[in-house]
>>> print(open('final-v8.pdb').read())   # PDB, C-alpha atoms
MODEL        1
ATOM      1  CA  MET V   6     115.352  86.929 103.691
ATOM      2  CA  THR V   7     114.940  87.399 107.411
ATOM      3  CA  HIS V   8     112.098  86.281 109.589
ATOM      4  CA  ILE V   9     111.977  88.071 112.928
ATOM      5  CA  ALA V  10     109.690  86.053 115.143
ATOM      6  CA  PRO V  11     107.665  88.028 117.669
ATOM      7  CA  ALA V  12     106.927  86.569 121.099
ATOM      8  CA  GLN V  13     103.486  85.633 119.776
ATOM      9  CA  GLY V  14     101.738  85.705 116.462
ATOM     10  CA  LEU V  15     103.421  85.657 113.089
ATOM     11  CA  PRO V  16     107.027  86.000 112.017
ATOM     12  CA  ASP V  17     107.836  89.218 110.216
ATOM     13  CA  ILE V  18     108.764  88.977 106.558
ATOM     14  CA  LEU V  19     111.526  91.544 106.218
ATOM     15  CA  ALA V  20     114.757  92.076 104.327
ATOM     16  CA  PRO V  21     117.127  94.997 103.824
ATOM     17  CA  GLY V  22     116.217  97.582 101.186
ATOM     18  CA  LEU V  23     112.484  96.952 100.787
ATOM     19  CA  GLN V  24     110.303  99.553  99.114
ATOM     20  CA  VAL V  25     107.332  99.094 101.448
ATOM     21  CA  VAL V  26     106.646  97.188 104.637
ATOM     22  CA  PHE V  27     102.913  96.680 105.147
ATOM     23  CA  CYS V  28     102.086  96.815 108.846
ATOM     24  CA  GLY V  29      98.850  95.181 109.904
ATOM     25  CA  LEU V  30      97.308  95.971 113.264
ATOM     26  CA  ASN V  31      97.806  92.451 114.635
ATOM     27  CA  PRO V  32      97.447  88.896 113.339
ATOM     28  CA  GLY V  33      94.128  87.131 113.244
ATOM     29  CA  VAL V  34      93.849  83.931 115.247
ATOM     30  CA  ASP V  35      93.620  81.732 112.126
ATOM     31  CA  ALA V  36      96.538  83.510 110.430
ATOM     32  CA  ALA V  37      98.732  83.060 113.510
ATOM     33  CA  ALA V  38      97.788  79.384 113.819
ATOM     34  CA  ALA V  39      98.621  78.761 110.144
ATOM     35  CA  GLY V  40     101.741  80.941 110.216
ATOM     36  CA  HIS V  41     100.735  83.158 107.274
ATOM     37  CA  HIS V  42      99.819  86.834 107.049
ATOM     38  CA  PHE V  43      96.327  88.002 106.028
ATOM     39  CA  LEU V  44      94.881  84.493 105.954
ATOM     40  CA  GLY V  45      91.321  85.297 107.078
ATOM     41  CA  ARG V  46      88.703  84.339 104.497
ATOM     42  CA  GLY V  47      87.231  87.840 104.535
ATOM     43  CA  ASN V  48      90.574  89.619 104.332
ATOM     44  CA  ARG V  49      91.016  91.504 101.073
ATOM     45  CA  PHE V  50      94.731  92.278 101.416
ATOM     46  CA  TRP V  51      96.089  89.904  98.760
ATOM     47  CA  PRO V  52      93.603  90.755  95.977
ATOM     48  CA  VAL V  53      93.917  94.483  96.718
ATOM     49  CA  LEU V  54      97.726  94.293  96.703
ATOM     50  CA  HIS V  55      97.625  92.680  93.273
ATOM     51  CA  LEU V  56      94.940  94.930  91.780
ATOM     52  CA  ALA V  57      96.803  98.029  93.030
ATOM     53  CA  GLY V  58      99.876  96.934  91.060
ATOM     54  CA  PHE V  59     102.208  95.798  93.837
ATOM     55  CA  THR V  60     102.375  92.194  92.594
ATOM     56  CA  PRO V  61     102.159  90.838  89.026
ATOM     57  CA  HIS V  62      99.828  88.045  90.143
ATOM     58  CA  LEU V  63      97.554  87.227  93.061
ATOM     59  CA  VAL V  64      99.683  85.944  95.934
ATOM     60  CA  ALA V  65      98.181  83.237  98.122
ATOM     61  CA  PRO V  66      98.524  83.745 101.878
ATOM     62  CA  GLN V  67     100.566  80.531 102.017
ATOM     63  CA  ASP V  68     103.099  82.225  99.720
ATOM     64  CA  ASP V  69     103.323  85.390 101.814
ATOM     65  CA  ALA V  70     107.144  85.267 101.961
ATOM     66  CA  SER V  71     107.250  85.631  98.173
ATOM     67  CA  VAL V  72     106.452  89.344  98.551
ATOM     68  CA  LEU V  73     110.125  89.915  99.303
ATOM     69  CA  GLY V  74     110.759  89.312  95.600
ATOM     70  CA  PHE V  75     108.567  92.327  94.833
ATOM     71  CA  GLY V  76     110.389  94.604  97.297
ATOM     72  CA  LEU V  77     107.657  94.275  99.908
ATOM     73  CA  GLY V  78     107.634  93.176 103.530
ATOM     74  CA  LEU V  79     105.043  92.265 106.143
ATOM     75  CA  THR V  80     104.793  92.893 109.867
ATOM     76  CA  ALA V  81     102.209  93.607 112.536
ATOM     77  CA  ALA V  82     102.080  96.488 114.982
ATOM     78  CA  VAL V  83     101.190  94.096 117.815
ATOM     79  CA  GLY V  84     102.104  90.418 117.743
ATOM     80  CA  ARG V  85      99.221  89.134 119.875
ATOM     81  CA  PRO V  86      96.618  87.354 117.754
ATOM     82  CA  THR V  87      92.957  88.235 118.227
ATOM     83  CA  SER V  88      89.677  87.467 116.503
ATOM     84  CA  ARG V  89      89.116  91.168 115.803
ATOM     85  CA  ALA V  90      91.523  94.102 115.669
ATOM     86  CA  ASP V  91      89.364  96.116 118.076
ATOM     87  CA  GLN V  92      90.457  93.662 120.781
ATOM     88  CA  VAL V  93      93.854  95.412 120.823
ATOM     89  CA  GLY V  94      93.868  98.493 123.032
ATOM     90  CA  THR V  95      95.519 101.844 122.441
ATOM     91  CA  ASP V  96      97.951 101.174 125.290
ATOM     92  CA  GLU V  97      99.048  97.897 123.704
ATOM     93  CA  PHE V  98      99.799  99.682 120.408
ATOM     94  CA  ALA V  99     101.709 102.403 122.286
ATOM     95  CA  GLN V 100     103.785  99.806 124.151
ATOM     96  CA  ALA V 101     104.663  98.087 120.852
ATOM     97  CA  ALA V 102     105.974 101.283 119.201
ATOM     98  CA  ALA V 103     109.609 100.959 120.301
ATOM     99  CA  GLY V 104     109.810  97.348 119.116
ATOM    100  CA  LEU V 105     108.403  98.197 115.692
ATOM    101  CA  GLN V 106     110.745 101.170 115.319
ATOM    102  CA  HIS V 107     113.671  98.934 116.248
ATOM    103  CA  LYS V 108     112.740  96.393 113.543
ATOM    104  CA  LEU V 109     112.630  99.174 110.976
ATOM    105  CA  THR V 110     116.041 100.478 111.967
ATOM    106  CA  LEU V 111     117.545  96.982 111.633
ATOM    107  CA  MET V 112     116.215  96.587 108.082
ATOM    108  CA  PRO V 113     115.100 100.005 106.935
ATOM    109  CA  PRO V 114     112.479 100.127 104.196
ATOM    110  CA  GLN V 115     111.741 103.217 102.155
ATOM    111  CA  TRP V 116     108.133 103.243 103.418
ATOM    112  CA  ILE V 117     106.049 101.717 106.164
ATOM    113  CA  ALA V 118     102.359 101.468 105.307
ATOM    114  CA  PHE V 119     100.138 101.151 108.360
ATOM    115  CA  LEU V 120      96.905  99.329 107.526
ATOM    116  CA  GLY V 121      94.480 101.465 109.453
ATOM    117  CA  LYS V 122      94.908 104.560 111.590
ATOM    118  CA  ALA V 123      94.642 103.016 115.067
ATOM    119  CA  ALA V 124      98.155 101.638 115.520
ATOM    120  CA  TYR V 125      99.947 104.632 114.053
ATOM    121  CA  ALA V 126      97.862 107.117 116.053
ATOM    122  CA  ALA V 127      98.496 105.233 119.302
ATOM    123  CA  MET V 128     102.204 104.716 118.578
ATOM    124  CA  THR V 129     102.785 108.390 117.839
ATOM    125  CA  GLY V 130     100.325 109.870 120.316
ATOM    126  CA  GLN V 131      98.447 111.703 117.585
ATOM    127  CA  ARG V 132      94.730 112.277 117.926
ATOM    128  CA  GLN V 133      94.077 113.130 114.291
ATOM    129  CA  VAL V 134      95.661 111.080 111.505
ATOM    130  CA  ASP V 135      94.832 111.549 107.842
ATOM    131  CA  TRP V 136      94.947 108.905 105.120
ATOM    132  CA  GLY V 137      97.984 108.837 102.858
ATOM    133  CA  GLU V 138     101.491 110.159 103.382
ATOM    134  CA  GLN V 139     102.392 111.469 106.819
ATOM    135  CA  PRO V 140     104.803 114.359 107.421
ATOM    136  CA  GLU V 141     106.963 112.523 109.961
ATOM    137  CA  ARG V 142     109.030 109.364 109.680
ATOM    138  CA  PHE V 143     108.660 106.242 111.800
ATOM    139  CA  GLY V 144     111.760 104.179 112.544
ATOM    140  CA  GLY V 145     113.493 106.127 109.774
ATOM    141  CA  ALA V 146     110.923 105.139 107.121
ATOM    142  CA  ARG V 147     108.479 107.372 105.315
ATOM    143  CA  VAL V 148     104.918 106.708 106.497
ATOM    144  CA  TRP V 149     101.716 106.068 104.569
ATOM    145  CA  ILE V 150      98.345 105.268 106.165
ATOM    146  CA  LEU V 151      96.061 102.899 104.245
ATOM    147  CA  PRO V 152      92.590 101.603 105.088
ATOM    148  CA  ASN V 153      92.552  98.229 106.779
ATOM    149  CA  PRO V 154      91.730  95.457 104.261
ATOM    150  CA  SER V 155      89.861  93.345 106.792
ATOM    151  CA  GLY V 156      86.468  92.159 105.677
ATOM    152  CA  LEU V 157      85.158  93.699 108.912
ATOM    153  CA  ASN V 158      86.053  97.154 107.537
ATOM    154  CA  ARG V 159      82.768  97.732 105.772
ATOM    155  CA  GLY V 160      83.521 101.427 105.256
ATOM    156  CA  TYR V 161      85.746 100.553 102.286
ATOM    157  CA  SER V 162      84.666  98.556  99.283
ATOM    158  CA  LYS V 163      87.277  96.499  97.489
ATOM    159  CA  GLU V 164      87.375  99.137  94.744
ATOM    160  CA  ARG V 165      88.019 101.944  97.229
ATOM    161  CA  LEU V 166      90.765  99.881  98.853
ATOM    162  CA  VAL V 167      92.410  99.307  95.475
ATOM    163  CA  ASP V 168      92.296 103.040  94.762
ATOM    164  CA  ALA V 169      93.878 103.880  98.125
ATOM    165  CA  TYR V 170      96.635 101.272  97.765
ATOM    166  CA  ALA V 171      97.283 102.293  94.153
ATOM    167  CA  GLU V 172      97.905 105.848  95.358
ATOM    168  CA  LEU V 173     100.811 104.555  97.468
ATOM    169  CA  ARG V 174     102.041 102.477  94.519
ATOM    170  CA  ARG V 175     102.141 105.610  92.344
ATOM    171  CA  ALA V 176     104.052 107.474  95.060
ATOM    172  CA  LEU V 177     106.839 104.878  94.807
ATOM    173  CA  SER V 178     107.517 105.669  91.166
TER     174      SER V 178
ENDMDL
END
>>> encode(input="final-v8.pdb", output="structure tokens")
Amino acid sequence: MTHIAPAQGLPDILAPGLQVVFCGLNPGVDAAAAGHHFLGRGNRFWPVLHLAGFTPHLVAPQDDASVLGFGLGLTAAVGRPTSRADQVGTDEFAQAAAGLQHKLTLMPPQWIAFLGKAAYAAMTGQRQVDWGEQPERFGGARVWILPNPSGLNRGYSKERLVDAYAELRRALS
């Protein structure tokens, strides 16, 4: 197991040979303070990950490093913690692209799953990004775009999130 600590925020949870690295936009303030990914009380990442079939049980945010045992990793596009993801600008995502690509080349996963379109669009300079698998690779990994599991993303119910994440899970088989 390797933890690559960004200048700010949370340490990455990465290892060689992972199936999927889930890439959040940036850490929440509470998650960064506690040192665990997807800690916010409204964040639906952990239940959705389990219900979509990525983990055999519900993982607690405090046990986030245990995802390595399931072939999964965690990182953030931008390390700077904020209260809301919309506090990270397009230019900040674009500036973080080279660093994220470098991480992926050091420990290449099969897939990187961006949680939301904003970071991937800014990092690649694309104006239009569709959900699901993307035609190009990022840092050598295949790319999948998933809806952000934040509780602030009211456009996706928990059920719709599970369906979207389960589609990626099926693509791994």
>>> residues_near_point(input="final-v8.pdb", point="(114.4, 103.7, 113.7)", cutoff="7 Å", atoms="only C-alpha atoms", output="list of chain:residue names")
V:Gln106, V:His107, V:Leu109, V:Thr110, V:Phe143, V:Gly144, V:Gly145
>>> atom_distance(input="final-v8.pdb", atom1="CA of Pro66 (chain V)", atom2="CA of Arg46 (chain V)")
10.2 Å
>>> closest_atom_pairs(input="final-v8.pdb", of="region 126-177 of chain V", to="region 87-97 of chain V", cutoff="10 Å", atoms="only C-alpha atoms", output="CSV")
residue,atom,partner,partner_atom,distance
V:Ala126,CA,V:Thr95,CA,8.6
V:Ala127,CA,V:Thr95,CA,5.5
V:Met128,CA,V:Thr95,CA,8.2
V:Gly130,CA,V:Thr95,CA,9.6
V:Asn153,CA,V:Ala90,CA,9.9
V:Ser155,CA,V:Ala90,CA,9.1
V:Leu157,CA,V:Arg89,CA,8.3
>>> resolve_selection(input="final-v8.pdb", expression="the PyMOL selection byres ((chain V and resi 19-28) around 8)", output="list of chain:residue names")
V:Met6, V:Thr7, V:His8, V:Ile9, V:Asp17, V:Ile18, V:Gly29, V:Leu30, V:Leu73, V:Gly76, V:Leu77, V:Gly78, V:Leu79, V:Thr80, V:Ala81, V:Ala82, V:Met112, V:Pro113, V:Pro114, V:Gln115, V:Trp116, V:Ile117, V:Ala118, V:Phe119, V:Leu120, V:Leu177
>>> resolve_selection(input="final-v8.pdb", expression="the PyMOL selection byres ((chain V and resi 62-64) around 12)", output="list in words")
His41, His42, Phe43, Leu44, Arg49, Phe50, Trp51, Pro52, Val53, Leu54, His55, Leu56, Ala57, Gly58, Phe59, Thr60, Pro61, Ala65, Pro66, Gln67, Asp68, Asp69, Ala70, Ser71, Val72, Leu73, Gly74 and Phe75 of chain V
>>> atom_distance(input="final-v8.pdb", atom1="CA of Glu141 (chain V)", atom2="CA of Thr129 (chain V)")
9.8 Å
>>> closest_residue(input="final-v8.pdb", among="V:Gly45, V:Ala124, V:Gly40, V:Arg132", to="Ile150 (chain V)", atoms="all atoms listed in the file")
V:Ala124
>>> build_atoms(input="final-v8.pdb", residues="region 142-178 of chain V", atoms="N, CA and C atoms", output="short mmCIF file (atom, residue, chain, number, x, y, z; two decimals), in the frame of the given file")
data_model
loop_
_atom_site.label_atom_id
_atom_site.label_comp_id
_atom_site.auth_asym_id
_atom_site.auth_seq_id
_atom_site.Cartn_x
_atom_site.Cartn_y
_atom_site.Cartn_z
N ARG V 142 108.54 110.73 109.93
CA ARG V 142 109.03 109.36 109.68
C ARG V 142 108.80 108.51 110.92
N PHE V 143 108.82 107.19 110.70
CA PHE V 143 108.66 106.24 111.80
C PHE V 143 109.76 105.20 111.66
N GLY V 144 110.64 105.12 112.64
CA GLY V 144 111.76 104.18 112.54
C GLY V 144 112.66 104.47 111.35
N GLY V 145 112.68 105.71 110.91
CA GLY V 145 113.49 106.13 109.77
C GLY V 145 112.80 106.00 108.43
N ALA V 146 111.64 105.36 108.39
CA ALA V 146 110.92 105.14 107.12
C ALA V 146 109.86 106.21 106.90
N ARG V 147 109.61 106.52 105.65
CA ARG V 147 108.48 107.37 105.32
C ARG V 147 107.20 106.60 105.65
N VAL V 148 106.14 107.33 105.99
CA VAL V 148 104.92 106.71 106.50
C VAL V 148 103.74 107.00 105.57
N TRP V 149 102.95 105.95 105.33
CA TRP V 149 101.72 106.07 104.57
C TRP V 149 100.64 105.32 105.34
N ILE V 150 99.47 105.92 105.47
CA ILE V 150 98.34 105.27 106.16
C ILE V 150 97.33 104.81 105.13
N LEU V 151 97.03 103.52 105.15
CA LEU V 151 96.06 102.90 104.24
C LEU V 151 94.88 102.35 105.03
N PRO V 152 93.73 102.25 104.41
CA PRO V 152 92.59 101.60 105.09
C PRO V 152 92.89 100.12 105.34
N ASN V 153 92.36 99.63 106.43
CA ASN V 153 92.55 98.23 106.78
C ASN V 153 91.77 97.35 105.80
N PRO V 154 92.41 96.30 105.24
CA PRO V 154 91.73 95.46 104.26
C PRO V 154 90.83 94.38 104.85
N SER V 155 90.71 94.36 106.15
CA SER V 155 89.86 93.34 106.79
C SER V 155 88.45 93.39 106.22
N GLY V 156 87.86 92.24 106.11
CA GLY V 156 86.47 92.16 105.68
C GLY V 156 85.52 92.82 106.67
N LEU V 157 85.98 93.02 107.90
CA LEU V 157 85.16 93.70 108.91
C LEU V 157 85.13 95.21 108.69
N ASN V 158 86.03 95.72 107.86
CA ASN V 158 86.05 97.15 107.54
C ASN V 158 85.06 97.40 106.40
N ARG V 159 83.82 97.57 106.76
CA ARG V 159 82.77 97.73 105.77
C ARG V 159 82.71 99.15 105.19
N GLY V 160 83.50 100.06 105.75
CA GLY V 160 83.52 101.43 105.26
C GLY V 160 84.26 101.56 103.93
N TYR V 161 84.98 100.52 103.53
CA TYR V 161 85.75 100.55 102.29
C TYR V 161 85.41 99.35 101.43
N SER V 162 84.89 99.63 100.25
CA SER V 162 84.67 98.56 99.28
C SER V 162 86.02 98.11 98.76
N LYS V 163 86.03 96.99 98.10
CA LYS V 163 87.28 96.50 97.49
C LYS V 163 87.82 97.52 96.50
N GLU V 164 86.95 98.14 95.74
CA GLU V 164 87.38 99.14 94.74
C GLU V 164 88.02 100.34 95.41
N ARG V 165 87.43 100.81 96.50
CA ARG V 165 88.02 101.94 97.23
C ARG V 165 89.36 101.57 97.84
N LEU V 166 89.47 100.34 98.33
CA LEU V 166 90.76 99.88 98.85
C LEU V 166 91.82 99.88 97.76
N VAL V 167 91.46 99.35 96.60
CA VAL V 167 92.41 99.31 95.48
C VAL V 167 92.86 100.72 95.12
N ASP V 168 91.94 101.65 95.07
CA ASP V 168 92.30 103.04 94.76
C ASP V 168 93.27 103.61 95.79
N ALA V 169 93.01 103.36 97.06
CA ALA V 169 93.88 103.88 98.12
C ALA V 169 95.27 103.27 98.05
N TYR V 170 95.34 101.95 97.84
CA TYR V 170 96.64 101.27 97.76
C TYR V 170 97.39 101.68 96.49
N ALA V 171 96.66 101.88 95.41
CA ALA V 171 97.28 102.29 94.15
C ALA V 171 97.90 103.69 94.28
N GLU V 172 97.33 104.52 95.13
CA GLU V 172 97.90 105.85 95.36
C GLU V 172 99.30 105.72 95.97
N LEU V 173 99.48 104.82 96.91
CA LEU V 173 100.81 104.56 97.47
C LEU V 173 101.72 104.00 96.38
N ARG V 174 101.22 103.08 95.59
CA ARG V 174 102.04 102.48 94.52
C ARG V 174 102.57 103.57 93.57
N ARG V 175 101.72 104.51 93.22
CA ARG V 175 102.14 105.61 92.34
C ARG V 175 103.19 106.50 93.01
N ALA V 176 103.09 106.65 94.33
CA ALA V 176 104.05 107.47 95.06
C ALA V 176 105.45 106.86 95.06
N LEU V 177 105.54 105.56 94.84
CA LEU V 177 106.84 104.88 94.81
C LEU V 177 107.60 105.16 93.53
N SER V 178 106.89 105.49 92.48
CA SER V 178 107.52 105.67 91.17
C SER V 178 108.30 106.96 91.07
#
